[in-house]
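Quick look at input.txt (compact mmCIF, C-alpha atoms):
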```
# COMPACT_ATOMS: atom_id res chain seq x y z
CA MET O 15 6.68 -9.90 -7.10
CA PHE O 16 7.67 -6.33 -6.28
CA ASP O 17 10.48 -5.15 -4.03
CA ASP O 18 11.17 -1.94 -2.13
CA ARG O 19 13.90 -0.73 -4.49
CA SER O 20 11.66 1.70 -6.35
CA PRO O 21 7.98 2.74 -6.48
CA ILE O 22 5.69 -0.13 -7.56
CA TYR O 23 4.37 1.82 -10.55
CA ARG O 24 7.97 2.26 -11.78
CA GLN O 25 8.58 -1.49 -11.43
CA ILE O 26 5.42 -2.28 -13.42
CA ALA O 27 6.46 0.18 -16.12
CA ASP O 28 9.95 -1.36 -16.24
CA GLN O 29 8.49 -4.87 -16.57
CA ILE O 30 6.32 -3.86 -19.50
CA ALA O 31 9.22 -2.00 -21.10
CA ALA O 32 11.36 -5.13 -20.67
CA ASP O 33 8.66 -7.20 -22.40
CA VAL O 34 8.72 -4.74 -25.29
CA LEU O 35 12.53 -4.90 -25.48
CA THR O 36 12.63 -8.71 -25.57
CA GLY O 37 9.79 -8.82 -28.07
CA THR O 38 7.35 -10.58 -25.70
CA LEU O 39 5.06 -7.64 -26.44
CA SER O 40 5.15 -6.63 -30.09
CA ALA O 41 4.24 -3.41 -31.86
CA ASP O 42 0.52 -2.57 -31.86
CA GLU O 43 -0.22 -5.42 -29.47
CA GLN O 44 -2.82 -4.68 -26.79
CA VAL O 45 -1.58 -4.78 -23.16
CA MET O 46 -3.61 -5.96 -20.16
CA SER O 47 -6.13 -3.47 -18.78
CA THR O 48 -5.48 -1.57 -15.54
CA ASN O 49 -8.01 -3.76 -13.74
CA GLN O 50 -6.64 -7.03 -15.12
CA TYR O 51 -3.17 -5.92 -14.12
CA ALA O 52 -4.29 -4.88 -10.62
CA ALA O 53 -6.16 -8.16 -10.04
CA PHE O 54 -3.27 -10.27 -11.35
CA TYR O 55 -0.60 -8.61 -9.19
CA ARG O 56 -2.93 -7.76 -6.26
CA ILE O 57 -2.10 -4.07 -6.38
CA ASN O 58 -4.24 -0.96 -6.25
CA PRO O 59 -5.68 -0.14 -9.70
CA ALA O 60 -4.52 3.46 -9.27
CA THR O 61 -0.94 2.19 -9.07
CA ALA O 62 -1.35 0.20 -12.29
CA ALA O 63 -2.99 3.21 -13.97
CA LYS O 64 -0.03 5.37 -12.95
CA ALA O 65 2.41 2.90 -14.53
CA PHE O 66 0.44 2.87 -17.77
CA GLN O 67 0.24 6.67 -17.81
CA LEU O 68 4.02 6.82 -17.37
CA LEU O 69 4.48 4.54 -20.38
CA VAL O 70 2.04 6.62 -22.45
CA ASP O 71 4.00 9.78 -21.50
CA GLU O 72 7.24 8.04 -22.51
CA GLY O 73 5.74 7.01 -25.86
CA VAL O 74 5.97 3.27 -25.17
CA LEU O 75 2.19 2.78 -25.15
CA TYR O 76 -0.64 4.62 -26.87
CA LYS O 77 -4.35 4.80 -26.11
CA ARG O 78 -7.20 3.81 -28.34
CA ARG O 79 -10.20 5.48 -26.84
CA GLY O 80 -12.69 2.98 -25.47
CA ILE O 81 -10.56 -0.01 -26.42
CA GLY O 82 -7.41 0.08 -24.37
CA LEU O 83 -3.65 0.50 -24.49
CA PHE O 84 -1.34 -0.72 -27.23
CA VAL O 85 2.40 -0.94 -27.79
CA ALA O 86 3.65 1.98 -29.92
CA ALA O 87 5.12 1.08 -33.31
CA ASP O 88 8.52 2.62 -32.52
CA ALA O 89 8.51 1.66 -28.81
CA ARG O 90 11.17 -1.00 -29.14
CA GLU O 91 13.61 1.19 -31.09
CA ASN O 92 13.13 4.07 -28.67
CA LEU O 93 13.64 1.85 -25.64
CA GLN O 94 16.75 0.32 -27.20
CA ALA O 95 18.18 3.78 -27.85
CA ARG O 96 17.43 4.87 -24.29
CA HIS O 97 18.91 1.70 -22.81
CA ARG O 98 22.03 2.05 -25.00
CA GLU O 99 22.63 5.46 -23.41
CA ARG O 100 22.36 3.98 -19.92
CA PHE O 101 24.38 0.83 -20.71
CA TYR O 102 27.88 2.21 -20.04
CA PRO O 103 27.21 4.12 -16.82
CA ASP O 104 24.75 1.52 -15.43
CA VAL O 105 26.33 -1.78 -16.49
CA ILE O 106 29.93 -1.35 -17.64
CA ASP O 107 31.22 1.19 -15.10
CA PRO O 108 30.12 -0.85 -12.04
CA MET O 109 31.65 -3.96 -13.69
CA LEU O 110 34.97 -2.15 -14.18
CA ARG O 111 34.98 -1.00 -10.55
CA GLU O 112 34.21 -4.55 -9.36
CA ALA O 113 36.98 -5.99 -11.60
CA GLU O 114 39.44 -3.43 -10.25
CA ALA O 115 38.49 -4.20 -6.63
CA ILE O 116 39.03 -7.96 -7.03
CA GLY O 117 42.19 -7.64 -9.11
CA ILE O 118 41.07 -8.51 -12.64
CA SER O 119 43.11 -6.47 -15.10
CA ARG O 120 41.67 -4.56 -18.05
CA ASP O 121 43.66 -6.79 -20.39
CA ASP O 122 42.06 -9.92 -18.92
CA LEU O 123 38.63 -8.35 -19.32
CA ILE O 124 39.25 -7.39 -22.92
CA ALA O 125 40.61 -10.86 -23.67
CA TYR O 126 37.51 -12.42 -22.09
CA ILE O 127 35.15 -10.26 -24.10
CA ALA O 128 37.10 -10.90 -27.32
CA ALA O 129 36.97 -14.67 -26.76
CA SER O 130 33.23 -14.76 -26.02
CA SER O 131 30.87 -15.44 -28.89
CA PRO O 132 27.19 -14.45 -29.27
CA GLU O 133 26.50 -17.98 -30.66
CA ASP O 134 27.25 -19.44 -27.21
CA GLY O 135 24.78 -17.00 -25.71
CA ILE O 136 27.57 -15.01 -24.04
CA MET S 17 -20.64 5.81 -5.26
CA SER S 18 -18.12 6.73 -2.62
CA LEU S 19 -18.09 9.07 0.32
CA SER S 20 -15.61 11.69 1.46
CA VAL S 21 -14.53 11.79 5.09
CA ASP S 22 -13.53 14.75 7.25
CA PHE S 23 -12.30 14.87 10.79
CA ASP S 24 -12.41 18.47 11.93
CA ARG S 25 -10.35 18.98 15.11
CA VAL S 26 -11.66 15.78 16.66
CA THR S 27 -10.81 14.85 20.23
CA VAL S 28 -11.98 11.73 22.02
CA GLN S 29 -11.32 11.77 25.74
CA PHE S 30 -11.78 8.65 27.83
CA ASP S 31 -11.72 8.73 31.64
CA ASP S 32 -8.07 7.87 31.87
CA ARG S 33 -6.63 8.83 28.50
CA ARG S 34 -7.04 10.84 25.34
CA ALA S 35 -7.57 8.46 22.39
CA LEU S 36 -7.69 11.13 19.67
CA SER S 37 -6.20 14.56 20.08
CA ASP S 38 -7.37 17.50 17.95
CA LEU S 39 -7.27 15.32 14.83
CA THR S 40 -7.90 16.88 11.42
CA VAL S 41 -7.97 14.54 8.41
CA HIS S 42 -9.50 14.74 4.96
CA LEU S 43 -10.11 11.75 2.69
CA ASP S 44 -11.39 12.43 -0.85
CA GLY S 45 -13.08 9.04 -0.98
CA GLY S 46 -13.24 6.48 -3.77
CA LYS S 47 -9.90 4.97 -2.78
CA ILE S 48 -8.53 2.17 -0.65
CA TYR S 49 -6.87 3.76 2.39
CA GLY S 50 -4.48 2.03 4.74
CA LEU S 51 -4.74 3.13 8.37
CA LEU S 52 -1.60 2.27 10.33
CA GLY S 53 -0.70 2.86 13.94
CA ARG S 54 0.76 1.06 16.90
CA ASN S 55 -1.48 -0.53 19.53
CA GLY S 56 -3.30 2.23 21.39
CA ALA S 57 -2.50 4.83 18.70
CA GLY S 58 -6.21 5.55 18.19
CA LYS S 59 -7.02 3.54 15.04
CA SER S 60 -10.02 1.74 16.44
CA THR S 61 -11.35 4.90 18.09
CA LEU S 62 -11.06 6.75 14.79
CA LEU S 63 -12.91 3.97 12.98
CA SER S 64 -15.60 3.67 15.65
CA LEU S 65 -16.39 7.35 15.06
CA LEU S 66 -16.78 6.60 11.35
CA GLY S 67 -18.90 3.57 12.19
CA ALA S 68 -21.17 6.05 14.04
CA LEU S 69 -20.68 3.99 17.18
CA ARG S 70 -19.69 6.99 19.26
CA LYS S 71 -19.66 10.78 19.30
CA PRO S 72 -16.42 12.73 19.56
CA THR S 73 -15.78 14.60 22.81
CA SER S 74 -15.21 17.68 20.68
CA GLY S 75 -14.84 18.48 16.99
CA ARG S 76 -16.87 17.21 14.05
CA VAL S 77 -16.89 13.95 12.08
CA LEU S 78 -18.28 14.55 8.59
CA VAL S 79 -19.12 11.99 5.93
CA ASP S 80 -20.05 13.41 2.53
CA GLY S 81 -19.96 16.80 4.25
CA GLN S 82 -22.59 15.96 6.86
CA GLU S 83 -22.35 15.12 10.55
CA LEU S 84 -22.47 11.35 10.82
CA PHE S 85 -23.64 10.58 14.35
CA GLU S 86 -27.37 9.69 14.53
CA ASN S 87 -27.74 10.60 10.85
CA ASP S 88 -30.24 8.02 9.60
CA VAL S 89 -29.57 8.77 5.92
CA LEU S 90 -25.82 8.23 6.22
CA THR S 91 -25.48 5.39 8.73
CA PRO S 92 -26.90 2.65 6.42
CA GLN S 93 -24.21 3.67 3.91
CA VAL S 94 -21.42 3.03 6.38
CA ALA S 95 -20.12 -0.36 7.50
CA LEU S 96 -17.46 -0.97 10.11
CA ILE S 97 -16.20 -4.54 10.34
CA ARG S 98 -14.27 -5.04 13.55
CA GLU S 99 -11.84 -7.80 14.39
CA SER S 100 -14.65 -10.00 15.63
CA PRO S 101 -17.95 -8.74 14.26
CA ASP S 102 -19.81 -7.57 17.32
CA VAL S 103 -23.08 -6.97 15.49
CA LEU S 104 -23.52 -10.72 15.03
CA ASP S 105 -26.15 -12.62 16.95
CA THR S 106 -23.87 -15.39 18.13
CA ASP S 107 -26.77 -17.51 19.38
CA GLU S 108 -27.98 -17.88 15.77
CA LYS S 109 -26.59 -19.50 12.63
CA LEU S 110 -25.20 -18.05 9.41
CA ASP S 111 -28.49 -17.50 7.51
CA TYR S 112 -30.08 -15.50 10.31
CA ASN S 113 -27.06 -13.19 10.48
CA LEU S 114 -26.87 -12.70 6.71
CA GLU S 115 -30.61 -11.86 6.58
CA PHE S 116 -30.09 -9.32 9.32
CA ALA S 117 -27.21 -7.71 7.40
CA ALA S 118 -29.31 -7.73 4.21
CA GLN S 119 -32.10 -5.79 5.97
CA MET S 120 -29.65 -3.21 7.27
CA ARG S 121 -27.88 -2.56 3.95
CA PRO S 122 -29.71 -1.21 0.91
CA GLY S 123 -26.87 -2.26 -1.42
CA TRP S 124 -26.71 -5.88 -0.14
CA ASP S 125 -25.78 -8.40 -2.86
CA GLU S 126 -27.13 -11.81 -1.78
CA PRO S 127 -25.60 -13.96 -4.58
CA TYR S 128 -22.20 -12.35 -3.93
CA ALA S 129 -22.56 -13.01 -0.17
CA ARG S 130 -23.30 -16.70 -0.90
CA GLU S 131 -20.36 -16.93 -3.27
CA LEU S 132 -18.04 -15.52 -0.57
CA VAL S 133 -19.48 -17.87 2.07
CA ARG S 134 -18.54 -20.76 -0.23
CA LYS S 135 -15.07 -19.39 -0.96
CA PHE S 136 -14.28 -18.85 2.73
CA ALA S 137 -15.93 -22.21 3.60
CA ILE S 138 -18.07 -20.73 6.38
CA PRO S 139 -20.30 -23.39 7.94
CA ASP S 140 -24.08 -22.79 7.77
CA ASP S 141 -25.16 -25.44 10.26
CA GLN S 142 -23.59 -24.14 13.48
CA LYS S 143 -24.28 -21.25 15.79
CA ILE S 144 -21.85 -18.36 15.47
CA ASP S 145 -20.60 -18.83 19.05
CA THR S 146 -19.10 -22.18 18.02
CA PHE S 147 -17.12 -20.48 15.23
CA SER S 148 -13.34 -20.22 15.40
CA ARG S 149 -11.80 -16.76 15.44
CA GLY S 150 -10.89 -17.14 11.77
CA GLN S 151 -14.44 -18.16 10.83
CA ARG S 152 -15.83 -15.11 12.62
CA SER S 153 -13.37 -12.86 10.83
CA ALA S 154 -14.35 -14.44 7.51
CA LEU S 155 -18.03 -13.85 8.21
CA GLY S 156 -17.26 -10.21 9.03
CA ILE S 157 -15.42 -9.88 5.73
CA VAL S 158 -18.34 -11.43 3.84
CA ILE S 159 -20.73 -8.93 5.43
CA GLY S 160 -18.37 -6.03 4.79
CA LEU S 161 -17.93 -6.85 1.11
CA ALA S 162 -21.49 -7.93 0.25
CA SER S 163 -22.96 -4.84 1.97
CA ARG S 164 -21.44 -2.70 -0.80
CA THR S 165 -21.60 0.29 1.52
CA PRO S 166 -20.13 3.49 0.01
CA LEU S 167 -17.90 3.73 3.12
CA THR S 168 -16.59 0.33 4.23
CA MET S 169 -14.03 -0.16 6.99
CA PHE S 170 -12.13 -3.26 8.05
CA ASP S 171 -10.57 -2.89 11.49
CA GLU S 172 -8.01 -5.69 11.75
CA SER S 173 -10.60 -7.99 10.20
CA TYR S 174 -7.99 -10.58 9.34
CA LEU S 175 -7.28 -11.88 12.85
CA GLY S 176 -7.33 -15.65 13.08
CA LEU S 177 -7.39 -16.03 9.29
CA ASP S 178 -4.73 -18.28 7.83
CA THR S 179 -2.53 -16.94 5.02
CA PRO S 180 -4.55 -18.36 2.07
CA SER S 181 -7.74 -16.87 3.55
CA ARG S 182 -6.08 -13.48 4.02
CA TYR S 183 -4.95 -13.53 0.40
CA LEU S 184 -8.49 -14.45 -0.61
CA PHE S 185 -9.69 -11.40 1.36
CA TYR S 186 -7.23 -9.07 -0.41
CA GLN S 187 -8.11 -10.53 -3.79
CA GLU S 188 -11.87 -10.20 -3.23
CA LEU S 189 -11.56 -6.72 -1.76
CA LEU S 190 -9.64 -5.54 -4.79
CA ALA S 191 -11.89 -7.28 -7.33
CA ASP S 192 -15.04 -5.90 -5.73
CA PHE S 193 -13.54 -2.42 -5.32
CA MET S 194 -12.89 -2.39 -9.07
CA ARG S 195 -16.49 -3.43 -9.77
CA PHE S 196 -18.04 -1.01 -7.29
CA GLN S 197 -15.70 1.82 -6.46
CA ARG S 198 -16.18 3.03 -2.90
CA THR S 199 -14.29 4.42 0.05
CA VAL S 200 -12.49 1.62 1.86
CA ILE S 201 -10.39 1.99 4.99
CA VAL S 202 -8.29 -0.97 6.14
CA SER S 203 -6.46 -0.96 9.46
CA THR S 204 -3.78 -3.59 9.83
CA HIS S 205 -0.51 -4.60 11.42
CA LEU S 206 0.39 -6.88 8.48
CA ILE S 207 1.70 -3.94 6.50
CA ASP S 208 3.96 -5.60 3.92
CA GLU S 209 1.20 -8.01 3.00
CA VAL S 210 -1.45 -5.38 2.23
CA ALA S 211 0.54 -2.25 1.33
CA PRO S 212 0.26 -2.74 -2.48
CA LEU S 213 -3.51 -2.43 -2.08
CA PHE S 214 -3.37 1.01 -0.49
CA GLU S 215 -3.60 4.01 -2.77
CA GLU S 216 -3.14 6.27 0.25
CA THR S 217 -1.68 5.52 3.65
CA LEU S 218 -2.33 7.28 6.95
CA ILE S 219 -0.16 6.73 9.99
CA ILE S 220 -1.47 7.84 13.35
CA ASP S 221 0.39 7.92 16.60
CA SER S 222 -0.75 8.94 20.09
CA GLY S 223 -4.08 10.11 18.70
CA LYS S 224 -2.50 12.41 16.12
CA LEU S 225 -1.96 12.17 12.37
CA LEU S 226 1.73 11.52 11.74
CA VAL S 227 1.69 11.33 7.92
CA GLN S 228 -0.80 10.95 5.12
CA GLY S 229 -0.12 10.53 1.41
CA GLU S 230 0.11 8.31 -1.61
CA THR S 231 1.78 5.12 -0.46
CA ASP S 232 4.49 5.21 -3.12
CA ALA S 233 5.13 8.92 -2.45
CA LEU S 234 5.55 8.30 1.30
CA ARG S 235 8.08 5.58 0.63
CA ALA S 236 9.86 7.82 -1.87
CA ARG S 237 10.55 10.38 0.89
CA ALA S 238 12.69 7.95 2.91
CA ARG S 239 16.12 6.39 2.39
CA ARG S 240 18.59 4.40 4.43
CA PHE S 241 22.17 5.71 4.29
CA THR S 242 25.00 3.34 5.20
CA GLY S 243 28.75 3.91 5.30
CA ASN S 244 31.52 5.63 7.23
CA ALA S 245 29.93 7.17 10.34
CA GLY S 246 31.58 10.57 9.83
CA THR S 247 30.43 10.71 6.21
CA VAL S 248 26.86 9.68 7.14
CA ASP S 249 26.71 12.47 9.74
CA GLU S 250 28.22 14.96 7.29
CA VAL S 251 25.71 14.15 4.50
CA LEU S 252 22.78 14.03 6.91
CA ARG S 253 23.69 17.16 8.89
CA GLY S 254 20.56 18.95 10.10
CA GLU S 255 18.31 15.97 9.32
CA GLN S 256 16.63 13.78 11.90
CA GLN S 257 18.27 10.34 11.85
CA ARG S 258 16.01 7.40 12.61
CA GLY S 259 16.58 3.67 13.07
CA VAL S 260 20.28 4.33 13.67
CA GLN S 261 22.59 1.30 13.78
CA GLN S 262 26.33 1.34 14.28
CA LEU S 263 28.93 -1.38 13.81
CA GLY S 264 32.49 -0.19 14.39
CA SER S 265 33.07 2.78 12.11
CA THR S 266 30.07 1.92 9.90
CA LYS S 267 26.82 3.71 10.56
CA SER S 268 23.38 3.25 9.09
CA ALA S 269 20.52 5.74 9.47
CA VAL S 270 17.12 6.38 7.91
CA VAL S 271 16.03 9.88 6.97
CA VAL S 272 12.54 11.02 5.96
CA SER S 273 12.84 14.36 4.26
CA ASP S 274 11.44 16.57 1.49
CA ARG S 275 15.09 17.04 0.39
CA ILE S 276 15.53 13.30 -0.10
CA ALA S 277 16.50 13.45 -3.80
CA GLU S 278 19.28 15.91 -2.98
CA LEU S 279 20.50 13.83 -0.01
CA ASP S 280 20.38 10.68 -2.13
CA THR S 281 22.70 12.18 -4.76
CA GLU S 282 24.98 13.71 -2.14
CA GLY S 283 25.17 10.39 -0.28
CA ARG S 284 26.06 8.38 -3.38
CA THR S 285 28.66 10.93 -4.45
CA ALA S 286 30.23 10.69 -0.99
CA GLY S 287 30.42 6.89 -1.38
CA LEU S 288 27.55 5.93 0.90
CA GLU S 289 25.19 3.09 0.16
CA VAL S 290 21.72 4.59 -0.28
CA GLU S 291 18.69 2.30 -0.19
CA PRO S 292 14.93 2.77 -0.33
CA VAL S 293 12.81 1.85 2.69
CA GLY S 294 9.67 -0.32 2.66
CA LEU S 295 6.39 0.93 4.10
CA GLN S 296 6.57 -1.44 7.07
CA ASP S 297 10.09 -0.27 7.98
CA LEU S 298 9.13 3.36 7.43
CA PHE S 299 6.20 2.84 9.79
CA VAL S 300 8.50 1.36 12.44
CA TYR S 301 11.04 4.24 12.21
CA LEU S 302 8.38 6.96 12.28
CA THR S 303 6.50 5.57 15.25
CA GLN S 304 9.62 4.52 17.19
CA GLU S 305 10.91 8.08 17.04
CA GLN S 306 7.60 9.28 18.38
CA GLU S 307 7.85 6.95 21.33
CA VAL S 308 11.33 8.20 22.20
CA ALA S 309 10.06 11.77 22.01
CA VAL S 310 7.28 10.92 24.47
CA GLN S 311 9.71 9.38 26.95
CA ARG S 312 11.97 12.41 27.06
```
Write-out of the structure in structure tokens:
Amino acid sequence: MFDDRSPIYRQIADQIAADVLTGTLSADEQVMSTNQYAAFYRINPATAAKAFQLLVDEGVLYKRRGIGLFVAADARENLQARHRERFYPDVIDPMLREAEAIGISRDDLIAYIAASSPEDGI
Amino acid sequence: MSLSVDFDRVTVQFDDRRALSDLTVHLDGGKIYGLLGRNGAGKSTLLSLLGALRKPTSGRVLVDGQELFENDVLTPQVALIRESPDVLDTDEKLDYNLEFAAQMRPGWDEPYARELVRKFAIPDDQKIDTFSRGQRSALGIVIGLASRTPLTMFDESYLGLDTPSRYLFYQELLADFMRFQRTVIVSTHLIDEVAPLFEETLIIDSGKLLVQGETDALRARARRFTGNAGTVDEVLRGEQQRGVQQLGSTKSAVVVSDRIAELDTEGRTAGLEVEPVGLQDLFVYLTQEQEVAVQR
């Protein structure tokens, strides 16, 4: 379920953020409680709590006292904006380096992208 | 309710060796702690002090701020489950042993004990001495959980348990910890399997505390650097390299350092591959180094 690439609480936070981005979790929807999360993934509840706190600090989730945690109304937009910033350095730059290393030219890349269509899911 | 734990300069000297050496440790309590160490590192000795089974040769062992040994208020609040529960009357059956545990523990939860007996499929019609190693371990786990003691310790209590039963143990431990928060210490060699349960991890070696901290934070202090040997040495100059491997001109080394974020950036900039390290690997590198140091 979790790997050693980053702290477990970061991975939990990323998973929830990904669910918000894809729309699996929608605005003002309640998320699982710390204890439900801990029991489901067999992790320490303090670790789950830390992930949730991180998401509250980042404005993805908000607390309703005594009830639980909910997805912020603007969470999806904010996450999209943040991920757009990271898209070029995190996704495109490594792809360009890989293409260069295996001998795919920029022109071929551009042609490939131009020929792809969102309707085909590419 | 949960209890704090303090070891204040504790030494345990056996005839032929020193099991704990001037050990000072503080645990806030109310958490699940992982206690890791190689065979003979002193884990079981440390836990037997907290089980009030022995007195330290010197130093003080405090639970909730009070000396533990022969303290009749504290000892019923403490349970130590060893690899094969030695408090069992093996000439008797299950019920007799559960009744005995119930009398010893003010917080005993009989329905929960019965539920666990069912889940672990522990037989009630045979004497304990006919039990398999796994069945004994399971019975120890049942007693440890159902006792609801504010300080509960499991010393390699998983031995002989098959994988589904171990997962049942982790699941029940976590579920019951969330219902009744207490201080839990788990010693184990199956680190990768249990590590996500530990809020804090302690590693002891040769009777001394090697590291203590939040499990994620400990892992965050270590990285493996791989790449050109000269570049690795240049980036890691002045740092202790552990778990070093070399293949031709490629070198790989693990560093545990407070400057890890800086080294990480420097390593990546210099073209090295920089990877995080799991708790089990970190444990191996830390304790291996110690062994080499002893041999010198």
In Å, rounded to a single decimal, give me how far atom CA of Ser163 of chain S is from atom CA of Met120 of chain S.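 For atom CA of Met120 of chain S relative to atom CA of Ser163 of chain S, the distance reads 8.7 Å.
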Using all atoms listed in the file, find each residue of chain O with at least one atom at most 7 Å away from an atom of chain S; report its shortest atom-to-atom pair and that distance in Å (one decimal), sort the rows by chain and rising residue number, and return the result as CSV.
```
residue,atom,partner,partner_atom,distance
O:Asp18,CA,S:Gly294,CA,5.3
O:Arg19,CA,S:Pro292,CA,5.5
O:Ser20,CA,S:Pro292,CA,6.9
O:Pro21,CA,S:Asp232,CA,5.4
O:Asn49,CA,S:Met194,CA,6.9
O:Ala53,CA,S:Ala191,CA,6.4
O:Arg56,CA,S:Gln187,CA,6.4
O:Ile57,CA,S:Pro212,CA,4.7
O:Asn58,CA,S:Leu213,CA,4.5
O:Ala60,CA,S:Glu215,CA,6.6
```
In Å, rounded to a single decimal, give me how far atom CA of Gly53 of chain S is from atom CA of Ala238 of chain S.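 Going from atom CA of Ala238 of chain S over to atom CA of Gly53 of chain S, I get 18.1 Å.
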Atom CA of Gly223 of chain S to atom CA of Val26 of chain S measures 9.7 Å
Calculated over all atoms listed in the file, which of the candidates O:Gln94, O:Glu112, O:Glu72, O:Tyr23 has the smallest distance to Tyr51 of chain O?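 Closest to Tyr51 of chain O, using all atoms listed in the file: O:Tyr23.
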Edge lengths and centre in Å to one decimal, as JSON, of the axis-aligned box that encloses all listed atoms of segment 27-40 of chain O with 8 Å added on every side?
```
{"center_x": 8.8, "center_y": -5.2, "center_z": -23.1, "size_x": 23.6, "size_y": 26.8, "size_z": 30.0}
```
Excluding Arg24 of chain O and residues on its chain fewer than 2 positions from it, collect all residues at most 12 Å away from it, counting all atoms listed in the file, and give them as an MDAnalysis selection string. (chainID O and resid 16:22 26:31 61:69) or (chainID S and resid 232:233 236)
Using the atoms already present, construct N, CA and C atoms for segment 45-60 of chain O and hand them back as a compact mmCIF listing (two decimals), keeping the file's coordinate frame.
```txt
# COMPACT_ATOMS: atom_id res chain seq x y z
N VAL O 45 -2.07 -4.33 -24.47
CA VAL O 45 -1.58 -4.78 -23.16
C VAL O 45 -2.78 -5.01 -22.25
N MET O 46 -2.54 -5.70 -21.13
CA MET O 46 -3.61 -5.96 -20.16
C MET O 46 -4.23 -4.64 -19.69
N SER O 47 -5.49 -4.68 -19.31
CA SER O 47 -6.13 -3.47 -18.78
C SER O 47 -5.63 -3.20 -17.36
N THR O 48 -5.85 -1.96 -16.91
CA THR O 48 -5.48 -1.57 -15.54
C THR O 48 -6.07 -2.56 -14.53
N ASN O 49 -7.35 -2.88 -14.71
CA ASN O 49 -8.01 -3.76 -13.74
C ASN O 49 -7.49 -5.19 -13.79
N GLN O 50 -7.22 -5.69 -15.01
CA GLN O 50 -6.64 -7.03 -15.12
C GLN O 50 -5.28 -7.07 -14.43
N TYR O 51 -4.50 -6.02 -14.69
CA TYR O 51 -3.17 -5.92 -14.12
C TYR O 51 -3.23 -5.88 -12.59
N ALA O 52 -4.14 -5.04 -12.08
CA ALA O 52 -4.29 -4.88 -10.62
C ALA O 52 -4.71 -6.20 -9.98
N ALA O 53 -5.67 -6.90 -10.61
CA ALA O 53 -6.16 -8.16 -10.04
C ALA O 53 -5.05 -9.21 -10.08
N PHE O 54 -4.32 -9.26 -11.19
CA PHE O 54 -3.27 -10.27 -11.35
C PHE O 54 -2.16 -10.08 -10.30
N TYR O 55 -1.71 -8.86 -10.11
CA TYR O 55 -0.60 -8.61 -9.19
C TYR O 55 -1.04 -8.20 -7.79
N ARG O 56 -2.36 -8.18 -7.55
CA ARG O 56 -2.93 -7.76 -6.26
C ARG O 56 -2.38 -6.40 -5.83
N ILE O 57 -2.52 -5.43 -6.72
CA ILE O 57 -2.10 -4.07 -6.38
C ILE O 57 -3.26 -3.12 -6.64
N ASN O 58 -3.19 -1.95 -6.05
CA ASN O 58 -4.24 -0.96 -6.25
C ASN O 58 -4.33 -0.56 -7.72
N PRO O 59 -5.55 -0.51 -8.29
CA PRO O 59 -5.68 -0.14 -9.70
C PRO O 59 -5.10 1.24 -10.02
N ALA O 60 -5.10 2.14 -9.03
CA ALA O 60 -4.52 3.46 -9.27
C ALA O 60 -3.02 3.36 -9.54
```
